[in-house]
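Shown below: input-v1.tsv, with TSV, C-alpha atoms and all ligand atoms.
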```
chain	number	residue	atom	x	y	z
A	8	MET	CA	0.00	0.00	0.00
A	9	ASP	CA	1.22	3.50	-0.81
A	10	TYR	CA	0.56	6.49	1.45
A	11	ASP	CA	-0.03	10.18	0.83
A	12	VAL	CA	0.66	11.99	4.11
A	13	PHE	CA	-0.19	15.69	4.13
A	14	ASN	CA	-1.04	18.58	6.41
A	15	GLY	CA	-4.78	19.30	6.38
A	16	ASP	CA	-4.40	22.98	5.47
A	17	ALA	CA	-4.50	24.68	2.07
A	18	ASP	CA	-0.78	24.20	1.45
A	19	GLY	CA	-0.82	20.49	2.32
A	20	ILE	CA	-3.99	19.60	0.44
A	21	ILE	CA	-3.17	21.62	-2.67
A	22	SER	CA	0.39	20.29	-2.80
A	23	LEU	CA	-1.08	16.82	-3.14
A	24	VAL	CA	-3.61	17.98	-5.76
A	25	GLN	CA	-0.71	19.23	-7.91
A	26	LEU	CA	1.45	16.17	-7.41
A	27	ARG	CA	-1.31	13.66	-8.19
A	28	LEU	CA	-2.35	15.51	-11.36
A	29	SER	CA	1.12	14.76	-12.71
A	30	ASP	CA	1.65	11.39	-11.04
A	31	PRO	CA	-1.73	9.75	-10.37
A	32	ARG	CA	-1.63	7.11	-7.66
A	33	ASP	CA	-4.17	5.27	-5.57
A	34	ALA	CA	-2.73	5.83	-2.10
A	35	THR	CA	-4.11	5.76	1.43
A	36	LEU	CA	-4.65	9.34	2.60
A	37	VAL	CA	-3.23	10.30	6.00
A	38	THR	CA	-4.11	13.79	7.22
A	39	GLY	CA	-5.82	15.73	9.99
A	40	ARG	CA	-6.33	19.22	11.32
A	41	LYS	CA	-3.81	21.96	10.53
A	42	ARG	CA	-2.36	21.58	14.02
A	43	ASP	CA	-1.93	17.81	13.65
A	44	ILE	CA	1.61	17.72	12.32
A	45	LYS	CA	2.82	14.40	13.71
A	46	LEU	CA	1.23	12.27	11.00
A	47	LEU	CA	3.90	9.70	10.11
A	48	ASP	CA	3.25	7.87	13.36
A	49	ARG	CA	-0.03	6.68	11.78
A	50	VAL	CA	1.79	4.93	8.91
A	51	THR	CA	2.99	1.32	8.92
A	52	VAL	CA	4.48	0.07	5.67
A	53	GLU	CA	5.57	-3.07	3.81
A	54	PRO	CA	8.90	-3.20	1.94
A	55	GLY	CA	8.57	-1.42	-1.42
A	56	ASP	CA	5.69	0.84	-0.43
A	57	LYS	CA	5.88	4.44	-1.63
A	58	VAL	CA	5.23	7.18	0.93
A	59	THR	CA	4.80	10.83	-0.01
A	60	VAL	CA	4.97	13.43	2.77
A	61	LEU	CA	3.81	17.02	2.32
A	62	ASP	CA	3.95	20.12	4.52
A	63	ILE	CA	4.76	18.60	7.92
A	64	SER	CA	8.03	19.21	9.72
A	65	LEU	CA	10.71	16.54	9.38
A	66	ARG	CA	11.90	17.44	12.86
A	67	SER	CA	8.50	16.54	14.34
A	68	ASN	CA	8.35	13.29	12.35
A	69	HIS	CA	12.03	12.32	12.46
A	70	ALA	CA	11.72	9.11	14.47
A	71	ASP	CA	8.80	7.78	12.43
A	72	LEU	CA	10.49	8.70	9.15
A	73	GLU	CA	13.49	6.62	10.21
A	74	ARG	CA	11.17	3.76	11.17
A	75	VAL	CA	9.22	3.87	7.87
A	76	LEU	CA	12.48	3.86	5.90
A	77	GLY	CA	13.71	1.00	8.08
A	78	GLU	CA	10.54	-0.94	7.30
A	79	GLY	CA	11.52	-0.76	3.62
A	80	ALA	CA	9.50	2.08	2.13
A	81	SER	CA	10.80	4.75	-0.21
A	82	VAL	CA	9.86	8.28	0.78
A	83	LEU	CA	9.42	11.50	-1.21
A	84	TYR	CA	9.31	14.47	1.18
A	85	PHE	CA	8.39	18.13	0.48
A	86	ASP	CA	8.28	20.73	3.25
A	87	HIS	CA	9.11	24.29	4.34
A	88	HIS	CA	9.16	23.89	8.14
A	89	ASN	CA	12.16	23.43	10.41
A	90	ALA	CA	13.70	20.07	9.52
A	91	GLY	CA	15.88	19.79	12.63
A	92	GLU	CA	19.06	17.85	11.86
A	93	GLY	CA	17.46	16.36	8.73
A	94	LEU	CA	17.95	12.78	7.58
A	95	GLU	CA	19.87	11.00	4.83
A	96	HIS	CA	18.88	7.62	3.46
A	97	PRO	CA	19.21	6.02	0.02
A	98	HIS	CA	15.42	5.66	-0.24
A	99	LEU	CA	14.62	9.19	0.96
A	100	GLU	CA	14.30	12.10	-1.49
A	101	THR	CA	13.76	15.47	0.21
A	102	HIS	CA	12.77	18.85	-1.18
A	103	ILE	CA	13.02	21.06	1.89
A	104	ASN	CA	13.41	24.83	1.86
A	105	THR	CA	12.69	26.95	4.92
A	106	ALA	CA	13.26	30.33	3.25
A	107	GLY	CA	10.58	32.94	3.97
A	108	GLU	CA	7.64	33.01	1.51
A	109	ILE	CA	8.38	29.47	0.27
A	110	CYS	CA	5.51	27.12	1.02
A	111	THR	CA	5.27	23.43	0.18
A	112	ALA	CA	3.03	24.02	-2.84
A	113	VAL	CA	5.76	26.25	-4.29
A	114	LEU	CA	8.32	23.45	-3.84
A	115	VAL	CA	5.94	21.04	-5.60
A	116	ASP	CA	5.37	23.67	-8.32
A	117	GLN	CA	9.14	23.87	-8.90
A	118	TYR	CA	9.41	20.06	-8.91
A	119	LEU	CA	6.69	19.86	-11.57
A	120	GLY	CA	8.08	22.73	-13.64
A	121	GLY	CA	5.08	24.95	-13.00
A	122	ALA	CA	2.68	22.41	-14.50
A	123	HIS	CA	-0.25	23.37	-12.26
A	124	ARG	CA	0.71	26.91	-11.40
A	125	ALA	CA	-2.77	28.23	-10.59
A	126	TRP	CA	-3.09	25.67	-7.80
A	127	ALA	CA	0.24	26.83	-6.32
A	128	VAL	CA	-1.04	30.41	-6.41
A	129	ALA	CA	-4.16	29.47	-4.42
A	130	ALA	CA	-2.04	27.52	-1.92
A	131	SER	CA	0.36	30.44	-1.43
A	132	PHE	CA	-2.56	32.71	-0.58
A	133	GLY	CA	-3.86	30.03	1.79
A	134	ASP	CA	-0.52	29.73	3.60
A	135	ASN	CA	-0.51	33.56	3.98
A	136	PHE	CA	2.15	34.36	1.36
A	137	PRO	CA	0.28	36.82	-0.87
A	138	ALA	CA	3.47	38.36	-2.30
A	139	MET	CA	4.63	34.92	-3.45
A	140	ALA	CA	1.21	34.26	-4.97
A	141	GLU	CA	1.51	37.47	-6.99
A	142	ARG	CA	5.02	36.56	-8.15
A	143	LEU	CA	3.95	33.06	-9.23
A	144	ALA	CA	1.06	34.53	-11.18
A	145	ASN	CA	3.21	37.14	-12.91
A	146	GLY	CA	2.44	37.22	-16.65
A	147	LEU	CA	-0.49	34.83	-16.33
A	148	ASP	CA	-4.07	35.92	-16.57
A	149	LEU	CA	-5.43	34.35	-13.38
A	150	PRO	CA	-8.53	35.30	-11.36
A	151	MET	CA	-6.52	36.34	-8.30
A	152	ALA	CA	-9.42	37.29	-6.03
A	153	LYS	CA	-11.01	33.86	-6.55
A	154	LEU	CA	-7.73	32.03	-5.95
A	155	ARG	CA	-7.11	34.05	-2.80
A	156	SER	CA	-10.55	33.26	-1.48
A	157	LEU	CA	-10.14	29.55	-2.27
A	158	GLY	CA	-6.78	29.39	-0.50
A	159	GLU	CA	-8.09	31.22	2.53
A	160	MET	CA	-11.22	29.08	2.81
A	161	VAL	CA	-9.30	25.79	2.53
A	162	ASN	CA	-6.94	27.11	5.20
A	163	TYR	CA	-9.89	28.07	7.44
A	164	ASN	CA	-11.27	24.54	7.08
A	165	GLY	CA	-8.20	23.14	8.87
A	166	TYR	CA	-8.95	24.82	12.20
A	167	GLY	CA	-10.97	23.23	15.00
A	168	GLY	CA	-10.74	21.68	18.43
A	169	SER	CA	-11.13	18.22	16.89
A	170	GLU	CA	-11.78	16.76	13.43
A	171	ALA	CA	-15.50	16.73	14.31
A	172	ASP	CA	-15.46	20.55	14.35
A	173	LEU	CA	-14.35	20.81	10.70
A	174	HIS	CA	-16.76	21.46	7.82
A	175	PHE	CA	-14.90	18.87	5.70
A	176	HIS	CA	-12.45	16.27	6.87
A	177	PRO	CA	-9.26	17.34	5.06
A	178	ALA	CA	-9.10	13.97	3.25
A	179	ASP	CA	-12.63	14.58	1.94
A	180	LEU	CA	-11.78	18.13	0.92
A	181	TYR	CA	-8.77	16.76	-0.98
A	182	ARG	CA	-11.03	14.24	-2.75
A	183	GLU	CA	-13.37	17.09	-3.76
A	184	MET	CA	-10.51	19.02	-5.40
A	185	ALA	CA	-8.42	16.12	-6.72
A	186	GLY	CA	-8.25	15.67	-10.47
A	187	PHE	CA	-9.29	19.18	-11.44
A	188	LYS	CA	-6.74	20.58	-13.88
A	189	SER	CA	-7.09	24.03	-12.33
A	190	PRO	CA	-8.73	25.65	-9.31
A	191	MET	CA	-10.88	27.59	-11.77
A	192	ALA	CA	-12.33	24.31	-13.10
A	193	PHE	CA	-12.90	23.11	-9.55
A	194	LEU	CA	-14.70	26.33	-8.57
A	195	GLU	CA	-16.81	26.16	-11.71
A	196	GLU	CA	-17.83	22.53	-11.32
A	197	LYS	CA	-18.23	22.23	-7.57
A	198	PRO	CA	-19.47	25.61	-6.35
A	199	GLU	CA	-21.20	23.95	-3.39
A	200	VAL	CA	-17.85	23.22	-1.70
A	201	MET	CA	-16.75	26.85	-1.62
A	202	GLY	CA	-20.33	27.88	-0.86
A	203	LYS	CA	-20.32	25.80	2.30
A	204	LEU	CA	-16.95	27.15	3.46
A	205	LEU	CA	-17.82	30.79	2.71
A	206	GLN	CA	-21.13	30.48	4.54
A	207	GLY	CA	-19.50	28.74	7.51
A	208	TYR	CA	-16.80	31.37	7.71
A	209	ALA	CA	-19.31	34.22	7.61
A	210	ASP	CA	-21.46	32.59	10.29
A	211	ASP	CA	-18.48	31.86	12.56
A	212	PHE	CA	-17.17	35.40	12.19
A	213	SER	CA	-20.50	37.01	12.97
A	214	VAL	CA	-20.76	34.99	16.20
A	215	ALA	CA	-17.18	35.98	17.10
A	216	ALA	CA	-17.79	39.64	16.27
A	217	GLY	CA	-20.78	39.67	18.62
A	218	SER	CA	-18.92	37.92	21.42
A	219	LYS	CA	-18.75	39.14	25.00
A	220	ILE	CA	-16.07	41.77	25.73
A	221	LEU	CA	-14.57	41.35	29.23
A	222	LYS	CA	-12.15	44.26	29.00
A	223	SER	CA	-11.48	46.81	26.29
A	224	ASP	CA	-9.43	49.99	26.19
A	225	SER	CA	-6.64	51.49	24.10
A	226	THR	CA	-4.05	49.02	25.46
A	227	GLY	CA	-5.93	45.75	25.16
A	228	GLU	CA	-9.08	43.78	24.62
A	229	VAL	CA	-10.22	40.48	26.16
A	230	ARG	CA	-13.07	38.57	24.50
A	231	VAL	CA	-14.85	35.34	25.36
A	232	LEU	CA	-16.34	33.06	22.72
A	233	PRO	CA	-18.98	30.42	23.46
A	234	ASP	CA	-18.22	26.67	23.72
A	235	GLU	CA	-19.17	25.89	20.10
A	236	PRO	CA	-17.43	24.34	17.06
A	237	GLY	CA	-17.58	27.70	15.25
A	238	SER	CA	-15.60	29.39	18.04
A	239	ARG	CA	-12.90	26.74	17.86
A	240	ARG	CA	-12.73	27.06	14.07
A	241	VAL	CA	-12.42	30.82	13.98
A	242	SER	CA	-10.80	32.00	17.24
A	243	GLY	CA	-7.26	32.23	15.85
A	244	MET	CA	-8.28	34.02	12.65
A	245	PHE	CA	-10.60	36.33	14.60
A	246	GLY	CA	-7.77	37.25	16.98
A	247	ASN	CA	-5.47	37.97	14.04
A	248	LYS	CA	-8.10	40.20	12.44
A	249	LEU	CA	-8.61	42.21	15.65
A	250	ALA	CA	-4.84	42.54	15.99
A	251	GLN	CA	-4.44	43.82	12.43
A	252	GLU	CA	-7.25	46.35	12.88
A	253	ASN	CA	-5.78	47.60	16.20
A	254	PRO	CA	-1.99	47.23	15.88
A	255	ASP	CA	-1.21	49.06	19.14
A	256	ARG	CA	-3.55	46.90	21.21
A	257	ALA	CA	-2.95	43.48	22.79
A	258	HIS	CA	-5.68	40.82	22.46
A	259	ALA	CA	-6.79	37.75	24.32
A	260	ILE	CA	-9.45	35.47	22.88
A	261	LEU	CA	-10.91	33.09	25.45
A	262	THR	CA	-13.01	30.17	24.26
A	263	GLU	CA	-15.24	28.54	26.85
A	264	GLN	CA	-14.56	24.87	27.53
A	265	THR	CA	-15.63	22.56	30.37
A	266	GLY	CA	-14.45	24.10	33.65
A	267	GLY	CA	-12.67	27.07	32.10
A	268	PHE	CA	-11.25	28.52	28.91
A	269	LEU	CA	-8.82	27.93	26.08
A	270	VAL	CA	-6.86	31.19	25.77
A	271	SER	CA	-5.10	32.69	22.76
A	272	ILE	CA	-2.94	35.78	23.40
A	273	ARG	CA	-1.59	38.23	20.78
A	274	ALA	CA	0.89	40.97	21.75
A	275	PRO	CA	0.36	44.31	20.00
A	276	ILE	CA	1.62	44.12	16.40
A	277	SER	CA	3.51	47.40	16.94
A	278	ARG	CA	5.71	45.77	19.61
A	279	ARG	CA	5.56	42.03	19.48
A	280	GLU	CA	6.45	41.11	23.04
A	281	GLY	CA	4.97	39.99	26.35
A	282	ALA	CA	2.52	37.28	25.25
A	283	ASP	CA	4.72	34.42	26.45
A	284	LYS	CA	5.47	36.06	29.82
A	285	LEU	CA	1.75	36.47	30.45
A	286	ALA	CA	0.92	32.90	29.43
A	287	LEU	CA	3.69	31.43	31.58
A	288	GLN	CA	2.05	32.87	34.73
A	289	PHE	CA	-0.54	30.09	34.29
A	290	LYS	CA	-0.04	26.35	34.64
A	291	THR	CA	-0.84	25.30	31.06
A	292	GLY	CA	0.54	28.41	29.34
A	293	GLY	CA	3.25	28.62	26.69
A	294	GLY	CA	4.22	30.14	23.37
A	295	ARG	CA	6.25	32.89	21.77
A	296	ALA	CA	6.73	36.58	22.57
A	297	ALA	CA	4.26	37.72	19.89
A	298	ALA	CA	1.71	34.92	20.20
A	299	ALA	CA	1.06	32.59	23.11
A	300	GLY	CA	-1.73	30.61	24.71
A	301	ILE	CA	-3.08	28.81	27.75
A	302	ASN	CA	-4.56	25.37	27.14
A	303	HIS	CA	-6.84	25.52	30.15
A	304	LEU	CA	-7.53	28.54	32.31
A	305	GLU	CA	-9.69	27.56	35.29
A	306	THR	CA	-12.88	29.63	35.59
A	307	ALA	CA	-11.77	30.65	39.10
A	308	GLU	CA	-8.59	32.16	37.63
A	309	LEU	CA	-10.37	34.47	35.19
A	310	ASP	CA	-10.02	37.60	37.34
A	311	ARG	CA	-6.36	36.90	37.97
A	312	PHE	CA	-5.86	36.49	34.19
A	313	ILE	CA	-7.54	39.80	33.35
A	314	GLU	CA	-5.42	41.61	35.95
A	315	ALA	CA	-2.23	39.94	34.64
A	316	PHE	CA	-3.23	40.89	31.07
A	317	ARG	CA	-3.71	44.52	32.17
A	318	LEU	CA	-0.25	44.59	33.79
A	319	ALA	CA	1.44	42.81	30.86
A	320	PHE	CA	0.39	45.29	28.17
B	401	MN	MN	2.63	25.15	4.68
```
Please, can you express the file's structure as structure tokens?
Ligand SMILES: [Mn+2]
Amino acid sequence: MDYDVFNGDADGIISLVQLRLSDPRDATLVTGRKRDIKLLDRVTVEPGDKVTVLDISLRSNHADLERVLGEGASVLYFDHHNAGEGLEHPHLETHINTAGEICTAVLVDQYLGGAHRAWAVAASFGDNFPAMAERLANGLDLPMAKLRSLGEMVNYNGYGGSEADLHFHPADLYREMAGFKSPMAFLEEKPEVMGKLLQGYADDFSVAAGSKILKSDSTGEVRVLPDEPGSRRVSGMFGNKLAQENPDRAHAILTEQTGGFLVSIRAPISRREGADKLALQFKTGGGRAAAAGINHLETAELDRFIEAFRLAF
């Protein structure tokens, strides 16, 4: 059995669409939410199996990649995330480039000599590399607004607290798009797929926009979203949108969960620091200076969090 292992976001799914247009193969699909990046641990192979891996970090999958190669598979690997110390093996072919703006669909586009360029443009928009999308499309007459929307909606589909929260399982969304020579043909022939994602996105955003505000002033805003699939799908994107609209303000998006909240913290865009220090004051907190989170903030700790947020920013 052959395996196609890919991240469940726009870049992962569309990389596979491109590759299988040029090299059709009936493989078992292994994918999940955007955050599920340890995917090779789900793969057990027989000698001679072919495994293709797209858009998940080699560092995070290093041990299982070694195991799969040891079990006798040959592996073709494309990615743009940190590869750690990498790996060399006679049956491993890697196309890894961590340069800014390069996403996996661009690496696949290069590998295929630009054969399915419009798909790579949509994927670049979806992975949040609009400048790269414009460069790839240079000289071609492509419907850029449609490709941007497609990339962004496929990316949105990858977010959720569990696979049950997603509008489409990423393997199903791949199957919807697979085989179409261009994203334009896909959009033309299956408008219901984009229709469902656009509607879901609009609904999720309107719930988020109307969410409860716990604190708001010129230095920061704290919001709480209800315990619903739509909140878990959209909380990250909603927080980014608030941050972009108010670059001098810090933001915390709390999503209700049993006994407390999942917390996502964004430092002000104008000085990207302090998010990690705030998160680390709580047991399940962690992250980076610009963006951090708390996996579970107890309801009883809410007041302490709001006070710590006020002091942090
Ligand atoms: Mn990517």
Please put the answer as AutoDock Vina command-line options: centre and edge lengths, in Å with one decimal, of a box along x, y and z that encloses all listed atoms of range 84-103 of chain A plus 4 Å on each side.
```
--center_x 14.1 --center_y 15.0 --center_z 5.6 --size_x 19.6 --size_y 26.6 --size_z 22.1
```
Taken to one decimal, the CA of Gly165 in chain A-CA of Leu204 in chain A distance is 11.0 Å
Determine, counting all atoms listed in the file, which protein, DNA and RNA residues have an atom within 6 Å of an atom of range 168-181 of chain A; residues of the same chain fewer than 3 positions away are not included. Present the result as a VMD selection string. chain A and resid 15 20 184 to 185 236 239
Any idea what the distance is between CA of Phe268 in chain A and CA of Tyr163 in chain A?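 Between CA of Phe268 in chain A and CA of Tyr163 in chain A the gap works out to 21.5 Å.
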So how far away is CA of Ser238 in chain A from CA of Asp43 in chain A, in Å?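 Calculated distance between CA of Asp43 in chain A and CA of Ser238 in chain A is 18.4 Å.
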Taking all atoms listed in the file into account, list the residues no farther than 6 Å from ligand MN 401 (chain B), as a PyMOL selection string. chain A and resi 18+62+110-111+134
List the residues sitting within 12 Å of (-1.6, 29.2, -3.3) in the file's frame, using all atoms listed in the file, as an NGL selection string. :A and (16-22 or 24-25 or 108-116 or 123-144 or 149 or 151-162 or 189-190)
Generate a file of the selected residues that holds C-alpha atoms, formatted as an mmCIF file, in the frame of the given file.
```
data_model
loop_
_atom_site.group_PDB
_atom_site.id
_atom_site.type_symbol
_atom_site.label_atom_id
_atom_site.label_comp_id
_atom_site.auth_asym_id
_atom_site.auth_seq_id
_atom_site.Cartn_x
_atom_site.Cartn_y
_atom_site.Cartn_z
ATOM 1 C CA ASP A 16 -4.400 22.980 5.470
ATOM 2 C CA ALA A 17 -4.500 24.680 2.070
ATOM 3 C CA ASP A 18 -0.780 24.200 1.450
ATOM 4 C CA GLY A 19 -0.820 20.490 2.320
ATOM 5 C CA ILE A 20 -3.990 19.600 0.440
ATOM 6 C CA ILE A 21 -3.170 21.620 -2.670
ATOM 7 C CA SER A 22 0.390 20.290 -2.800
ATOM 8 C CA VAL A 24 -3.610 17.980 -5.760
ATOM 9 C CA GLN A 25 -0.710 19.230 -7.910
ATOM 10 C CA GLU A 108 7.640 33.010 1.510
ATOM 11 C CA ILE A 109 8.380 29.470 0.270
ATOM 12 C CA CYS A 110 5.510 27.120 1.020
ATOM 13 C CA THR A 111 5.270 23.430 0.180
ATOM 14 C CA ALA A 112 3.030 24.020 -2.840
ATOM 15 C CA VAL A 113 5.760 26.250 -4.290
ATOM 16 C CA LEU A 114 8.320 23.450 -3.840
ATOM 17 C CA VAL A 115 5.940 21.040 -5.600
ATOM 18 C CA ASP A 116 5.370 23.670 -8.320
ATOM 19 C CA HIS A 123 -0.250 23.370 -12.260
ATOM 20 C CA ARG A 124 0.710 26.910 -11.400
ATOM 21 C CA ALA A 125 -2.770 28.230 -10.590
ATOM 22 C CA TRP A 126 -3.090 25.670 -7.800
ATOM 23 C CA ALA A 127 0.240 26.830 -6.320
ATOM 24 C CA VAL A 128 -1.040 30.410 -6.410
ATOM 25 C CA ALA A 129 -4.160 29.470 -4.420
ATOM 26 C CA ALA A 130 -2.040 27.520 -1.920
ATOM 27 C CA SER A 131 0.360 30.440 -1.430
ATOM 28 C CA PHE A 132 -2.560 32.710 -0.580
ATOM 29 C CA GLY A 133 -3.860 30.030 1.790
ATOM 30 C CA ASP A 134 -0.520 29.730 3.600
ATOM 31 C CA ASN A 135 -0.510 33.560 3.980
ATOM 32 C CA PHE A 136 2.150 34.360 1.360
ATOM 33 C CA PRO A 137 0.280 36.820 -0.870
ATOM 34 C CA ALA A 138 3.470 38.360 -2.300
ATOM 35 C CA MET A 139 4.630 34.920 -3.450
ATOM 36 C CA ALA A 140 1.210 34.260 -4.970
ATOM 37 C CA GLU A 141 1.510 37.470 -6.990
ATOM 38 C CA ARG A 142 5.020 36.560 -8.150
ATOM 39 C CA LEU A 143 3.950 33.060 -9.230
ATOM 40 C CA ALA A 144 1.060 34.530 -11.180
ATOM 41 C CA LEU A 149 -5.430 34.350 -13.380
ATOM 42 C CA MET A 151 -6.520 36.340 -8.300
ATOM 43 C CA ALA A 152 -9.420 37.290 -6.030
ATOM 44 C CA LYS A 153 -11.010 33.860 -6.550
ATOM 45 C CA LEU A 154 -7.730 32.030 -5.950
ATOM 46 C CA ARG A 155 -7.110 34.050 -2.800
ATOM 47 C CA SER A 156 -10.550 33.260 -1.480
ATOM 48 C CA LEU A 157 -10.140 29.550 -2.270
ATOM 49 C CA GLY A 158 -6.780 29.390 -0.500
ATOM 50 C CA GLU A 159 -8.090 31.220 2.530
ATOM 51 C CA MET A 160 -11.220 29.080 2.810
ATOM 52 C CA VAL A 161 -9.300 25.790 2.530
ATOM 53 C CA ASN A 162 -6.940 27.110 5.200
ATOM 54 C CA SER A 189 -7.090 24.030 -12.330
ATOM 55 C CA PRO A 190 -8.730 25.650 -9.310
#
```
Might you pull out every residue within 9 Å of range 250-262 of chain A, with all atoms listed in the file counted and same-chain residues fewer than 5 positions away left off, and present them as an NGL selection string? :A and (224-235 or 238-239 or 242-243 or 245 or 267-278 or 282 or 300 or 304 or 316 or 320)
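Minimum distance to Ile103 in chain A across A:Arg74, A:Leu65, A:Val52, A:Ser29 (counting only C-alpha atoms) occurs at A:Leu65.
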In the coordinate frame of the file, compute which residues have an atom within 6 Å of (-0.5, 15.8, 10.5) when using all atoms listed in the file, and state them as a CSV table (one decimal) with C-alpha atoms, keeping the file's coordinate frame.
```
chain,number,residue,atom,x,y,z
A,14,ASN,CA,-1.0,18.6,6.4
A,38,THR,CA,-4.1,13.8,7.2
A,39,GLY,CA,-5.8,15.7,10.0
A,43,ASP,CA,-1.9,17.8,13.6
A,44,ILE,CA,1.6,17.7,12.3
A,45,LYS,CA,2.8,14.4,13.7
A,46,LEU,CA,1.2,12.3,11.0
```
Of the listed residues A:Asn247, A:Gln117, A:Arg27, A:Leu194, that which approaches Pro150 in chain A most closely, counting all atoms listed in the file: A:Leu194
In terms of the shortest atom-to-atom distance over all atoms listed in the file, which of A:Glu100, A:Glu78, A:Asp11, A:Asp33 is closest to Val58 in chain A? A:Asp11
Counting only C-alpha atoms, what is within 7 Å of Tyr166 in chain A, bar same-chain residues fewer than 4 positions away, as a short mmCIF file (atom, residue, chain, number, x, y, z; two decimals) with C-alpha atoms, keeping the file's coordinate frame?
```cif
data_model
loop_
_atom_site.label_atom_id
_atom_site.label_comp_id
_atom_site.auth_asym_id
_atom_site.auth_seq_id
_atom_site.Cartn_x
_atom_site.Cartn_y
_atom_site.Cartn_z
CA ARG A 40 -6.33 19.22 11.32
CA LYS A 41 -3.81 21.96 10.53
CA LEU A 173 -14.35 20.81 10.70
CA ARG A 240 -12.73 27.06 14.07
#
```
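If all atoms listed in the file are the atoms counted, then among A:Met244, A:Leu76, A:Ala297, A:Ile63 the closest residue to Thr105 in chain A is A:Ile63.
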Which of A:Val200, A:Asp283, A:Leu26, A:Thr265 sits closest to Gly120 in chain A [using only C-alpha atoms]: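 Answer, going by the shortest atom-to-atom distance: A:Leu26.
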Might you pull out every residue within 7 Å of Tyr10 in chain A, with only C-alpha atoms counted and same-chain residues fewer than 4 positions away left off, and present them as a ChimeraX atom specification? /A:34-36,57-59
If you count all atoms listed in the file, which residues fall within 9 Å of Phe289 in chain A, apart from same-chain ones fewer than 2 positions away, as a ChimeraX atom specification? /A:285-287,291-293,301,303-304,308,312
Hey, can you spit out that residue selection with C-alpha atoms as a short mmCIF file (atom, residue, chain, number, x, y, z; two decimals), in the frame of the given file?
```
data_model
loop_
_atom_site.label_atom_id
_atom_site.label_comp_id
_atom_site.auth_asym_id
_atom_site.auth_seq_id
_atom_site.Cartn_x
_atom_site.Cartn_y
_atom_site.Cartn_z
CA LEU A 285 1.75 36.47 30.45
CA ALA A 286 0.92 32.90 29.43
CA LEU A 287 3.69 31.43 31.58
CA THR A 291 -0.84 25.30 31.06
CA GLY A 292 0.54 28.41 29.34
CA GLY A 293 3.25 28.62 26.69
CA ILE A 301 -3.08 28.81 27.75
CA HIS A 303 -6.84 25.52 30.15
CA LEU A 304 -7.53 28.54 32.31
CA GLU A 308 -8.59 32.16 37.63
CA PHE A 312 -5.86 36.49 34.19
#
```
